[in-house]
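Colleague: Handing you a structure now.
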Amino acid sequence: MSRNMQYDRHITIFSPEGKLYQMEYAFAAIRLPGDTTIGVRGKDTVCLITTKKVQDKLVDATSMSRMYRITPSIGCCATGRLPDARALIYKSRQIAAEFQFDNGFEIPVRHLANEVANYNQLFTQHAYKRVPGVSLLFCSVDDELGPRLYMVDPAGACYGYHAISTGAKEQEGMSALEKMIKETREKQQEKEKQSQETDKKTAASTRLDLDEKGTVEFAIEALQKVLGVDFKSNQVEVAVVTKNNLRFSVLSEQKIDAYLTAISEKD
């Protein structure tokens with residue numbers, strides 16, 4: 001361990017084992033606040049859900065949020081250190097505004113996610129800036145590709161997902177999502193009576209053929225399974241963007257309560 005202490009203090013120097021220790025610490029910082037975030041992509045909807053923890057009873061809960069609107073149709077959920085998140089949200093909005101000014105149309109969500117990832121990755125090669133301890137989930141409904149969901153991590157990796165979990169219980173979340181997606185696909189196959197069209201759709205991908213209501217309920221159920229408890233509407237934040245309503249919007253506590261009631265009645 002003492003041999004690796006010198007590599008522990010530098011962002012840009014690899015250890016003999018090929019590790020960047022400061023990057024590993026950045027990923028640990030994402031889990032430190034204890035929040036868990038899940039993103040789910042349906043056939044016409046993307047839903048983001050995250051836990052909401054108010055550390056101090058004197059804090060106004062309405063002033064705390066991990067959901068941000070980058071453009072009217074592109075939303076983002078930040079998991080990890082909120083001060084780092086605000087800096088990246090500001091940068092994301094700057095990138096989006098400059099793109100629209102130069103090109104005359106709104107930036108595609110995939111391009112925005114890649115640009116933010118490039119920004120993050122740059123500082124893994126330079127020692128004059130600490131990498132951010134935050135992961136970002138970007139979502140939108142693309143004109144050509146439909147619903148899109150991307151995650152950008154501190155190392156600068158950027159991937160598209162059908163469903164994703166990040167935060168304190170990332171591994172448990174990914175396992176729960178994989179299991180739930182498999183069960184949902186099996187139910188869809190049975191419902192469609194194994195038709196030829198259904199075989200082509202479901203055999204080739206793991207995408208969820210769910211509408212807005214089904215996608216939101218799927219995301220809420222997944223978070224409930226990960227946390228192992230039934231939470232209240234004021235303990236989570238839920239945001240959606242759909243083909244019918246391209247504006248990224250955060251659901252009110254009343255709407256979340258309605259979804260929670262529907263899930264409990266379904267069980």
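So you can find residues: chains in the structure tokens are A, B, ... in the order shown, residues in each start at 1, and ligands are numbered from 1 in order.
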Identify all residues of segment 140-246 of chain A in helix (DSSP H, G or I) (DSSP on the backbone) and supply them as a ChimeraX atom specification.
Modeller: /A:170-191,196-204,212-227,233-235
Colleague: List the spatial neighbours of Phe248 of chain A as a list of chain:residue names - criterion: any atom at most 9 Å away, only C-alpha atoms, same-chain residues fewer than 2 positions off excluded.
Modeller: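 Here the qualifying residues turn out to be A:Tyr68, A:Arg69, A:Thr71, A:Pro72, A:Ser73, A:Ile74, A:Gly75, A:Cys76, A:Cys139, A:Ser140, A:Ala239, A:Val240, A:Val241, A:Thr242, A:Asn245, A:Leu246, A:Val250.
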Colleague: Write a file of the just-selected residues containing N, CA, C and O atoms, as an mmCIF file, in the first residue's frame.
Modeller:
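See again02.cif below for the written result:
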```cif
data_model
loop_
_atom_site.group_PDB
_atom_site.id
_atom_site.type_symbol
_atom_site.label_atom_id
_atom_site.label_comp_id
_atom_site.auth_asym_id
_atom_site.auth_seq_id
_atom_site.Cartn_x
_atom_site.Cartn_y
_atom_site.Cartn_z
ATOM 1 N N TYR A 68 -32.906 18.796 -13.060
ATOM 2 C CA TYR A 68 -32.604 20.075 -13.709
ATOM 3 C C TYR A 68 -33.074 20.042 -15.161
ATOM 4 O O TYR A 68 -32.964 19.015 -15.835
ATOM 5 N N ARG A 69 -33.589 21.178 -15.634
ATOM 6 C CA ARG A 69 -33.962 21.320 -17.040
ATOM 7 C C ARG A 69 -32.831 22.026 -17.766
ATOM 8 O O ARG A 69 -32.506 23.170 -17.472
ATOM 9 N N THR A 71 -32.563 22.214 -21.401
ATOM 10 C CA THR A 71 -33.349 22.938 -22.402
ATOM 11 C C THR A 71 -34.809 22.571 -22.117
ATOM 12 O O THR A 71 -35.079 21.709 -21.278
ATOM 13 N N PRO A 72 -35.772 23.194 -22.803
ATOM 14 C CA PRO A 72 -37.168 22.827 -22.532
ATOM 15 C C PRO A 72 -37.453 21.333 -22.649
ATOM 16 O O PRO A 72 -38.301 20.805 -21.926
ATOM 17 N N SER A 73 -36.737 20.618 -23.543
ATOM 18 C CA SER A 73 -37.041 19.196 -23.771
ATOM 19 C C SER A 73 -35.964 18.240 -23.249
ATOM 20 O O SER A 73 -36.136 17.031 -23.326
ATOM 21 N N ILE A 74 -34.852 18.760 -22.730
ATOM 22 C CA ILE A 74 -33.783 17.902 -22.209
ATOM 23 C C ILE A 74 -33.704 18.088 -20.700
ATOM 24 O O ILE A 74 -33.544 19.209 -20.207
ATOM 25 N N GLY A 75 -33.825 16.973 -19.988
ATOM 26 C CA GLY A 75 -33.744 17.007 -18.534
ATOM 27 C C GLY A 75 -32.536 16.257 -18.034
ATOM 28 O O GLY A 75 -31.924 15.459 -18.757
ATOM 29 N N CYS A 76 -32.186 16.508 -16.775
ATOM 30 C CA CYS A 76 -31.002 15.892 -16.193
ATOM 31 C C CYS A 76 -31.246 15.627 -14.709
ATOM 32 O O CYS A 76 -31.859 16.439 -14.021
ATOM 33 N N CYS A 139 -31.925 12.904 -20.330
ATOM 34 C CA CYS A 139 -33.040 12.254 -21.024
ATOM 35 C C CYS A 139 -33.766 13.255 -21.911
ATOM 36 O O CYS A 139 -33.780 14.455 -21.645
ATOM 37 N N SER A 140 -34.356 12.732 -22.975
ATOM 38 C CA SER A 140 -35.135 13.555 -23.898
ATOM 39 C C SER A 140 -35.837 12.620 -24.877
ATOM 40 O O SER A 140 -35.567 11.409 -24.908
ATOM 41 N N ALA A 239 -39.368 12.646 -12.513
ATOM 42 C CA ALA A 239 -39.478 13.545 -13.665
ATOM 43 C C ALA A 239 -39.675 12.718 -14.923
ATOM 44 O O ALA A 239 -39.166 11.589 -15.027
ATOM 45 N N VAL A 240 -40.418 13.257 -15.876
ATOM 46 C CA VAL A 240 -40.708 12.533 -17.114
ATOM 47 C C VAL A 240 -40.618 13.474 -18.313
ATOM 48 O O VAL A 240 -40.772 14.688 -18.196
ATOM 49 N N VAL A 241 -40.372 12.860 -19.466
ATOM 50 C CA VAL A 241 -40.511 13.543 -20.748
ATOM 51 C C VAL A 241 -41.122 12.528 -21.704
ATOM 52 O O VAL A 241 -40.707 11.368 -21.731
ATOM 53 N N THR A 242 -42.152 12.931 -22.453
ATOM 54 C CA THR A 242 -42.894 11.997 -23.295
ATOM 55 C C THR A 242 -43.049 12.551 -24.706
ATOM 56 O O THR A 242 -42.819 13.742 -24.955
ATOM 57 N N ASN A 245 -45.805 15.104 -24.586
ATOM 58 C CA ASN A 245 -45.411 16.339 -23.913
ATOM 59 C C ASN A 245 -43.883 16.376 -23.867
ATOM 60 O O ASN A 245 -43.265 15.796 -22.974
ATOM 61 N N LEU A 246 -43.281 17.056 -24.842
ATOM 62 C CA LEU A 246 -41.827 17.045 -24.983
ATOM 63 C C LEU A 246 -41.123 17.862 -23.909
ATOM 64 O O LEU A 246 -39.896 17.822 -23.813
ATOM 65 N N VAL A 250 -41.113 17.842 -13.745
ATOM 66 C CA VAL A 250 -41.038 17.117 -12.477
ATOM 67 C C VAL A 250 -42.458 16.917 -11.954
ATOM 68 O O VAL A 250 -43.244 17.871 -11.910
#
```
Colleague: Out of segment 162-260 of chain A, which residues get strand (DSSP E) from DSSP, as a list in words?
Modeller: Ala163, Ile164, Ser165, Thr166, Gly167, Val236, Glu237, Val238, Ala239, Val240, Val241, Thr242, Ser249 and Val250 of chain A
Colleague: Can you work out which one of A:Ile70, A:Gly146, A:Glu178, A:Met23 has the shortest atom-to-atom distance to Tyr90 of chain A, counting only C-alpha atoms?
Modeller: A:Ile70
Colleague: With distances taken over only C-alpha atoms, which of A:Met151, A:Arg130, A:Phe105, A:Phe218 is nearest to Ala117 of chain A?
Modeller: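 Selected residue with least distance to Ala117 of chain A: A:Met151.
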Colleague: Any idea what's packed within 9 Å of Tyr21 of chain A, counting only C-alpha atoms, ignoring anything in its chain fewer than 4 positions away? Could you give it as a ChimeraX atom specification?
Modeller: /A:7-11,13-15,25-26
Colleague: What does the distance from atom CA of Leu227 of chain A to atom CA of Met64 of chain A come to in Å, to one decimal?
Modeller: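 That distance, rounded to one decimal, is 20.8 Å.
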Colleague: As an exercise, work out the distance from atom CA of Leu88 of chain A to atom CA of Val116 of chain A in Å and give it to one decimal place.
Modeller: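 For atom CA of Leu88 of chain A relative to atom CA of Val116 of chain A, the distance reads 7.7 Å.
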Colleague: Can you list, as a list of chain:residue names, every protein, DNA or RNA residue that comes within 9 Å of Lys213 of chain A when you count only C-alpha atoms, leaving out same-chain residues fewer than 3 positions away?
Modeller: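 My list of contacting residues is A:Thr45, A:Leu210, A:Val216, A:Glu217, A:Phe218, A:Tyr259.
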Colleague: Could the residues in this selection be saved with all heavy atoms as a compact mmCIF listing (two decimals), in the first residue's frame?
Modeller:
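See result03.txt below for the written result:
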```txt
# COMPACT_ATOMS: atom_id res chain seq x y z
N THR A 45 -41.67 7.27 -23.58
CA THR A 45 -41.44 8.03 -22.35
C THR A 45 -40.08 7.70 -21.76
O THR A 45 -39.60 6.57 -21.89
CB THR A 45 -42.52 7.70 -21.30
OG1 THR A 45 -43.82 7.89 -21.86
CG2 THR A 45 -42.38 8.57 -20.05
N LEU A 210 -43.34 -0.02 -22.95
CA LEU A 210 -44.27 0.50 -21.95
C LEU A 210 -44.69 1.92 -22.30
O LEU A 210 -43.88 2.71 -22.81
CB LEU A 210 -43.62 0.50 -20.56
CG LEU A 210 -43.21 -0.86 -19.98
CD1 LEU A 210 -42.44 -0.65 -18.68
CD2 LEU A 210 -44.43 -1.73 -19.74
N VAL A 216 -43.45 4.97 -15.70
CA VAL A 216 -43.31 5.61 -14.39
C VAL A 216 -43.51 4.59 -13.27
O VAL A 216 -42.73 4.55 -12.31
CB VAL A 216 -44.32 6.77 -14.24
CG1 VAL A 216 -44.23 7.37 -12.84
CG2 VAL A 216 -44.05 7.85 -15.29
N GLU A 217 -44.51 3.73 -13.40
CA GLU A 217 -44.75 2.71 -12.38
C GLU A 217 -43.58 1.73 -12.31
O GLU A 217 -43.19 1.29 -11.22
CB GLU A 217 -46.06 1.96 -12.68
CG GLU A 217 -47.30 2.81 -12.44
CD GLU A 217 -48.59 2.02 -12.67
OE1 GLU A 217 -48.49 0.84 -13.08
OE2 GLU A 217 -49.67 2.58 -12.46
N PHE A 218 -43.01 1.39 -13.45
CA PHE A 218 -41.85 0.48 -13.49
C PHE A 218 -40.68 1.09 -12.72
O PHE A 218 -40.02 0.41 -11.92
CB PHE A 218 -41.45 0.22 -14.94
CG PHE A 218 -40.35 -0.78 -15.12
CD1 PHE A 218 -40.63 -2.12 -15.38
CD2 PHE A 218 -39.02 -0.40 -15.02
CE1 PHE A 218 -39.61 -3.05 -15.53
CE2 PHE A 218 -37.99 -1.32 -15.17
CZ PHE A 218 -38.29 -2.64 -15.43
N TYR A 259 -49.60 7.48 -8.40
CA TYR A 259 -48.85 6.31 -8.90
C TYR A 259 -48.59 5.31 -7.79
O TYR A 259 -48.70 4.09 -7.99
CB TYR A 259 -47.53 6.77 -9.52
CG TYR A 259 -47.66 7.31 -10.92
CD1 TYR A 259 -47.44 8.66 -11.19
CD2 TYR A 259 -48.00 6.49 -11.98
CE1 TYR A 259 -47.55 9.17 -12.47
CE2 TYR A 259 -48.13 6.98 -13.27
CZ TYR A 259 -47.89 8.31 -13.51
OH TYR A 259 -48.02 8.82 -14.79
```
Colleague: Report the distance between atom CA of Ile30 of chain A and atom CA of Thr166 of chain A in Å, rounded to one decimal place.
Modeller: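 Atom-to-atom, atom CA of Ile30 of chain A to atom CA of Thr166 of chain A, that is 8.3 Å.
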Colleague: With only C-alpha atoms as the basis for distance, which of A:Lys169, A:Arg66, A:Arg247, A:Arg93 is at the shortest distance from Gly228 of chain A?
Modeller: A:Lys169
